[in-house]
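Heads up: the structure comes next, in structure tokens.
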Amino acid sequence: MRNASLGCRQDIDLRLLIPALFVFATTGSPAASTPELPVIDTIEQWCGGLAKDLKSVDRKRCLLRPWQIDTRSNGQIIIPHFQWGEEKGRRIIIMGGIHGDEISAISLVFRWIDFLENVSLDSELRKMRFLFLPLLNPDGYWSKPRTRTNLMAVDLNRNFETKSWREEAIKYWVSKTKKDKRRYPGHEPASETETQYFQKVIADFKPEIIISVHAPYGILDHDGKLEFPKNLRSPLPVKTLGSFPGSLGRYAGIDRKIPVITVELTEARQMPGSKAVEDLLTFVLNSKAEGMQSVVR
């Protein structure tokens, strides 16, 4: 996996090595011009940049969290994550910002972090082990204008190394999306630094459930064997869409039997109210994967 040095900036900014125009003639992939991206090398720059744009991010609280940095994006922006809760508790990944223009998804992850940090010391939630990754696609987020795709014009949620990617991904993109540039899966499975990194996170952390936050379809979906709670009302309509070649749902939920809950907020730029935020987290955490009890009791 590509992994740039994280201690200091390299002598040559790798962004300058990315061509201003690239076209994969064999697949008819979309051409993309390389946007200018800000220099974001430190947690101070990362928290400060997010807090400037998103009301959900408190800069001081953000800086106090035990962020870890294992990799950078294609555009050399850091991709922080941190873990919270009991080391041996049930393991849950919460990830947002796989599409850079779905900013409410990033905000929701931060609101959930705020909520969990404030639960009582005897809460069952503290007996779980969370891994939070609020922004997987920083290049799309910090591009002007923001983009669904990453710096290389690839939809990261079509780039995961699913079992039949080579047979299906490009064919699906051409026939079903009519070569929609926003949904280009890349020229190879897991061709993107960000995709490679999240696949490694899954392998290392070994989650029981993955929660992926999106917008703006206003539904709850899931891939893999999982039951939503019957004794609670869902804040969003439950609708099964099915998985796509190269999607996280197929990669983890279908191929690896790790259930993936996809939270689709109703607005890409606007957050739901505080109670809805808490109710949504409670609902998804009471979902039950095959062979496990509800995670919140």
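Letters A, B, ... go to the chains of the structure tokens in the order shown; residues in each chain start at 1; ligands are counted from 1 in the same order.
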Write out as a Markdown table the residues of region 126-176 of chain A that have any atom within 10 Å of an atom of region 237-260 of chain A, one row each with the nearest atom pair and its distance in Å to one decimal, counting only C-alpha atoms, sorted by chain and then rising number.
| residue | atom | partner | partner_atom | distance |
| --- | --- | --- | --- | --- |
| A:Asp155 | CA | A:Ser247 | CA | 9.3 |
| A:Leu156 | CA | A:Ser247 | CA | 7.9 |
| A:Asn157 | CA | A:Ser247 | CA | 4.7 |
| A:Arg158 | CA | A:Gly246 | CA | 4.0 |
| A:Asn159 | CA | A:Gly246 | CA | 4.7 |
| A:Phe160 | CA | A:Gly246 | CA | 4.5 |
| A:Glu161 | CA | A:Gly246 | CA | 6.0 |
| A:Thr162 | CA | A:Tyr251 | CA | 4.9 |
| A:Lys163 | CA | A:Asp255 | CA | 7.1 |
| A:Ser164 | CA | A:Pro245 | CA | 7.3 |
| A:Trp165 | CA | A:Pro245 | CA | 5.8 |
| A:Arg166 | CA | A:Pro245 | CA | 9.1 |
| A:Glu167 | CA | A:Pro245 | CA | 9.2 |
| A:Glu168 | CA | A:Pro245 | CA | 6.2 |
| A:Ala169 | CA | A:Pro245 | CA | 5.1 |
| A:Ile170 | CA | A:Pro245 | CA | 8.7 |
| A:Lys171 | CA | A:Pro245 | CA | 9.5 |
| A:Tyr172 | CA | A:Pro245 | CA | 7.4 |
| A:Trp173 | CA | A:Pro245 | CA | 9.0 |
Restricting it to C-alpha atoms, dump the selection as an mmCIF file, in the first residue's frame.
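And here's result_23.cif as it stands now:
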data_model
loop_
_atom_site.group_PDB
_atom_site.id
_atom_site.type_symbol
_atom_site.label_atom_id
_atom_site.label_comp_id
_atom_site.auth_asym_id
_atom_site.auth_seq_id
_atom_site.Cartn_x
_atom_site.Cartn_y
_atom_site.Cartn_z
ATOM 1 C CA ASP A 155 -15.702 6.952 -7.000
ATOM 2 C CA LEU A 156 -14.134 5.253 -3.984
ATOM 3 C CA ASN A 157 -17.379 3.408 -3.294
ATOM 4 C CA ARG A 158 -17.005 1.593 -6.630
ATOM 5 C CA ASN A 159 -13.265 0.894 -6.245
ATOM 6 C CA PHE A 160 -13.172 -1.751 -3.481
ATOM 7 C CA GLU A 161 -11.596 -5.046 -4.468
ATOM 8 C CA THR A 162 -14.761 -7.121 -4.758
ATOM 9 C CA LYS A 163 -14.461 -10.672 -6.038
ATOM 10 C CA SER A 164 -15.902 -10.028 -9.497
ATOM 11 C CA TRP A 165 -14.641 -6.455 -9.935
ATOM 12 C CA ARG A 166 -12.693 -7.139 -13.146
ATOM 13 C CA GLU A 167 -15.669 -8.833 -14.790
ATOM 14 C CA GLU A 168 -18.362 -6.426 -13.609
ATOM 15 C CA ALA A 169 -17.212 -2.959 -12.529
ATOM 16 C CA ILE A 170 -16.447 -1.271 -15.853
ATOM 17 C CA LYS A 171 -19.271 -3.112 -17.618
ATOM 18 C CA TYR A 172 -21.728 -1.928 -14.933
ATOM 19 C CA TRP A 173 -20.407 1.641 -15.153
#
A:His187, A:Arg233, A:His99, A:Arg111 ranked by distance to Asp58 (chain A), top pick (using only C-alpha atoms): A:Arg111
Residue nearest Ile92 (chain A) - candidates A:Glu278, A:Glu208, A:Glu188, A:Glu267, atoms counted: only C-alpha atoms: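 Closest to Ile92 (chain A), using only C-alpha atoms: A:Glu208.
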Leu133 (chain A) environment, 8 Å, only C-alpha atoms, sequence neighbours closer than 2 positions dropped, as a list in words: Ile79, Pro80, His81, Phe82, Ile93, Ile94, Met95, Gly96, Leu131, Leu135 and Leu136 of chain A
Expected file contents, prior selection, all heavy atoms, as a PDB file, in the first residue's frame:
ATOM      1  N   ILE A  79      -5.273  11.421   6.518  1.00  0.00           N
ATOM      2  CA  ILE A  79      -6.574  10.776   6.744  1.00  0.00           C
ATOM      3  C   ILE A  79      -6.575  10.248   8.177  1.00  0.00           C
ATOM      4  O   ILE A  79      -6.220   9.098   8.432  1.00  0.00           O
ATOM      5  CB  ILE A  79      -6.814   9.636   5.738  1.00  0.00           C
ATOM      6  CG1 ILE A  79      -6.697  10.149   4.299  1.00  0.00           C
ATOM      7  CG2 ILE A  79      -8.201   9.009   5.972  1.00  0.00           C
ATOM      8  CD1 ILE A  79      -6.876   9.065   3.240  1.00  0.00           C
ATOM      9  N   PRO A  80      -6.970  11.078   9.155  1.00  0.00           N
ATOM     10  CA  PRO A  80      -6.927  10.664  10.568  1.00  0.00           C
ATOM     11  C   PRO A  80      -8.076   9.735  10.960  1.00  0.00           C
ATOM     12  O   PRO A  80      -9.154   9.760  10.375  1.00  0.00           O
ATOM     13  CB  PRO A  80      -7.030  11.997  11.326  1.00  0.00           C
ATOM     14  CG  PRO A  80      -6.761  13.063  10.315  1.00  0.00           C
ATOM     15  CD  PRO A  80      -7.273  12.500   9.025  1.00  0.00           C
ATOM     16  N   HIS A  81      -7.814   8.934  11.987  1.00  0.00           N
ATOM     17  CA  HIS A  81      -8.843   8.128  12.631  1.00  0.00           C
ATOM     18  C   HIS A  81      -8.484   8.011  14.106  1.00  0.00           C
ATOM     19  O   HIS A  81      -7.361   8.313  14.506  1.00  0.00           O
ATOM     20  CB  HIS A  81      -8.931   6.729  12.010  1.00  0.00           C
ATOM     21  CG  HIS A  81      -7.801   5.827  12.395  1.00  0.00           C
ATOM     22  ND1 HIS A  81      -6.590   5.836  11.739  1.00  0.00           N
ATOM     23  CD2 HIS A  81      -7.681   4.910  13.385  1.00  0.00           C
ATOM     24  CE1 HIS A  81      -5.781   4.953  12.300  1.00  0.00           C
ATOM     25  NE2 HIS A  81      -6.420   4.377  13.311  1.00  0.00           N
ATOM     26  N   PHE A  82      -9.435   7.597  14.936  1.00  0.00           N
ATOM     27  CA  PHE A  82      -9.094   7.254  16.315  1.00  0.00           C
ATOM     28  C   PHE A  82     -10.068   6.213  16.840  1.00  0.00           C
ATOM     29  O   PHE A  82     -11.147   6.007  16.294  1.00  0.00           O
ATOM     30  CB  PHE A  82      -9.050   8.494  17.230  1.00  0.00           C
ATOM     31  CG  PHE A  82     -10.375   9.003  17.717  1.00  0.00           C
ATOM     32  CD1 PHE A  82     -10.894   8.620  18.950  1.00  0.00           C
ATOM     33  CD2 PHE A  82     -11.111   9.908  16.956  1.00  0.00           C
ATOM     34  CE1 PHE A  82     -12.107   9.106  19.410  1.00  0.00           C
ATOM     35  CE2 PHE A  82     -12.323  10.401  17.405  1.00  0.00           C
ATOM     36  CZ  PHE A  82     -12.826   9.995  18.640  1.00  0.00           C
ATOM     37  N   ILE A  93     -16.870   0.002  13.204  1.00  0.00           N
ATOM     38  CA  ILE A  93     -16.269   1.099  12.437  1.00  0.00           C
ATOM     39  C   ILE A  93     -17.370   2.065  12.022  1.00  0.00           C
ATOM     40  O   ILE A  93     -18.416   1.640  11.524  1.00  0.00           O
ATOM     41  CB  ILE A  93     -15.545   0.582  11.179  1.00  0.00           C
ATOM     42  CG1 ILE A  93     -14.287  -0.212  11.548  1.00  0.00           C
ATOM     43  CG2 ILE A  93     -15.163   1.744  10.259  1.00  0.00           C
ATOM     44  CD1 ILE A  93     -13.565  -0.810  10.346  1.00  0.00           C
ATOM     45  N   ILE A  94     -17.131   3.362  12.239  1.00  0.00           N
ATOM     46  CA  ILE A  94     -18.029   4.404  11.739  1.00  0.00           C
ATOM     47  C   ILE A  94     -17.223   5.295  10.807  1.00  0.00           C
ATOM     48  O   ILE A  94     -16.253   5.934  11.218  1.00  0.00           O
ATOM     49  CB  ILE A  94     -18.648   5.227  12.882  1.00  0.00           C
ATOM     50  CG1 ILE A  94     -19.512   4.326  13.781  1.00  0.00           C
ATOM     51  CG2 ILE A  94     -19.483   6.372  12.323  1.00  0.00           C
ATOM     52  CD1 ILE A  94     -20.204   5.044  14.923  1.00  0.00           C
ATOM     53  N   MET A  95     -17.621   5.323   9.539  1.00  0.00           N
ATOM     54  CA  MET A  95     -16.853   6.030   8.516  1.00  0.00           C
ATOM     55  C   MET A  95     -17.752   6.996   7.751  1.00  0.00           C
ATOM     56  O   MET A  95     -18.903   6.685   7.436  1.00  0.00           O
ATOM     57  CB  MET A  95     -16.232   5.009   7.549  1.00  0.00           C
ATOM     58  CG  MET A  95     -15.408   5.630   6.422  1.00  0.00           C
ATOM     59  SD  MET A  95     -16.401   5.976   4.940  1.00  0.00           S
ATOM     60  CE  MET A  95     -16.725   4.314   4.328  1.00  0.00           C
ATOM     61  N   GLY A  96     -17.230   8.174   7.449  1.00  0.00           N
ATOM     62  CA  GLY A  96     -17.952   9.156   6.648  1.00  0.00           C
ATOM     63  C   GLY A  96     -17.048   9.766   5.595  1.00  0.00           C
ATOM     64  O   GLY A  96     -15.839   9.543   5.579  1.00  0.00           O
ATOM     65  N   LEU A 131     -14.090   2.541  16.012  1.00  0.00           N
ATOM     66  CA  LEU A 131     -13.059   3.202  15.212  1.00  0.00           C
ATOM     67  C   LEU A 131     -13.766   4.240  14.353  1.00  0.00           C
ATOM     68  O   LEU A 131     -14.633   3.903  13.550  1.00  0.00           O
ATOM     69  CB  LEU A 131     -12.299   2.204  14.332  1.00  0.00           C
ATOM     70  CG  LEU A 131     -11.081   2.772  13.587  1.00  0.00           C
ATOM     71  CD1 LEU A 131     -10.021   1.690  13.366  1.00  0.00           C
ATOM     72  CD2 LEU A 131     -11.444   3.405  12.234  1.00  0.00           C
ATOM     73  N   LEU A 135     -13.496  11.245   7.556  1.00  0.00           N
ATOM     74  CA  LEU A 135     -13.302  11.801   6.212  1.00  0.00           C
ATOM     75  C   LEU A 135     -12.313  10.945   5.426  1.00  0.00           C
ATOM     76  O   LEU A 135     -11.108  11.166   5.465  1.00  0.00           O
ATOM     77  CB  LEU A 135     -12.815  13.257   6.311  1.00  0.00           C
ATOM     78  CG  LEU A 135     -12.543  13.998   4.998  1.00  0.00           C
ATOM     79  CD1 LEU A 135     -13.718  13.904   4.048  1.00  0.00           C
ATOM     80  CD2 LEU A 135     -12.198  15.463   5.292  1.00  0.00           C
ATOM     81  N   LEU A 136     -12.854   9.962   4.694  1.00  0.00           N
ATOM     82  CA  LEU A 136     -11.996   9.066   3.915  1.00  0.00           C
ATOM     83  C   LEU A 136     -11.521   9.715   2.621  1.00  0.00           C
ATOM     84  O   LEU A 136     -10.465   9.352   2.102  1.00  0.00           O
ATOM     85  CB  LEU A 136     -12.758   7.769   3.595  1.00  0.00           C
ATOM     86  CG  LEU A 136     -11.984   6.697   2.841  1.00  0.00           C
ATOM     87  CD1 LEU A 136     -10.765   6.230   3.631  1.00  0.00           C
ATOM     88  CD2 LEU A 136     -12.882   5.515   2.507  1.00  0.00           C
TER      89      LEU A 136
END
Residue neighbourhood region 105-110 of chain A, 7 Å, only C-alpha atoms, exclusion window fewer than 4 positions, as a list in words: Leu54, Ser56, Val57, Gly96, Gly97, Asp114, Pro134, Leu135, Val213, His214 and Ala215 of chain A
Shell around Lys60 (chain A) at 12 Å using only C-alpha atoms, local window under 2 positions removed, as a PyMOL selection string: chain A and resi 43-44+46-48+50-51+57-58+62-65
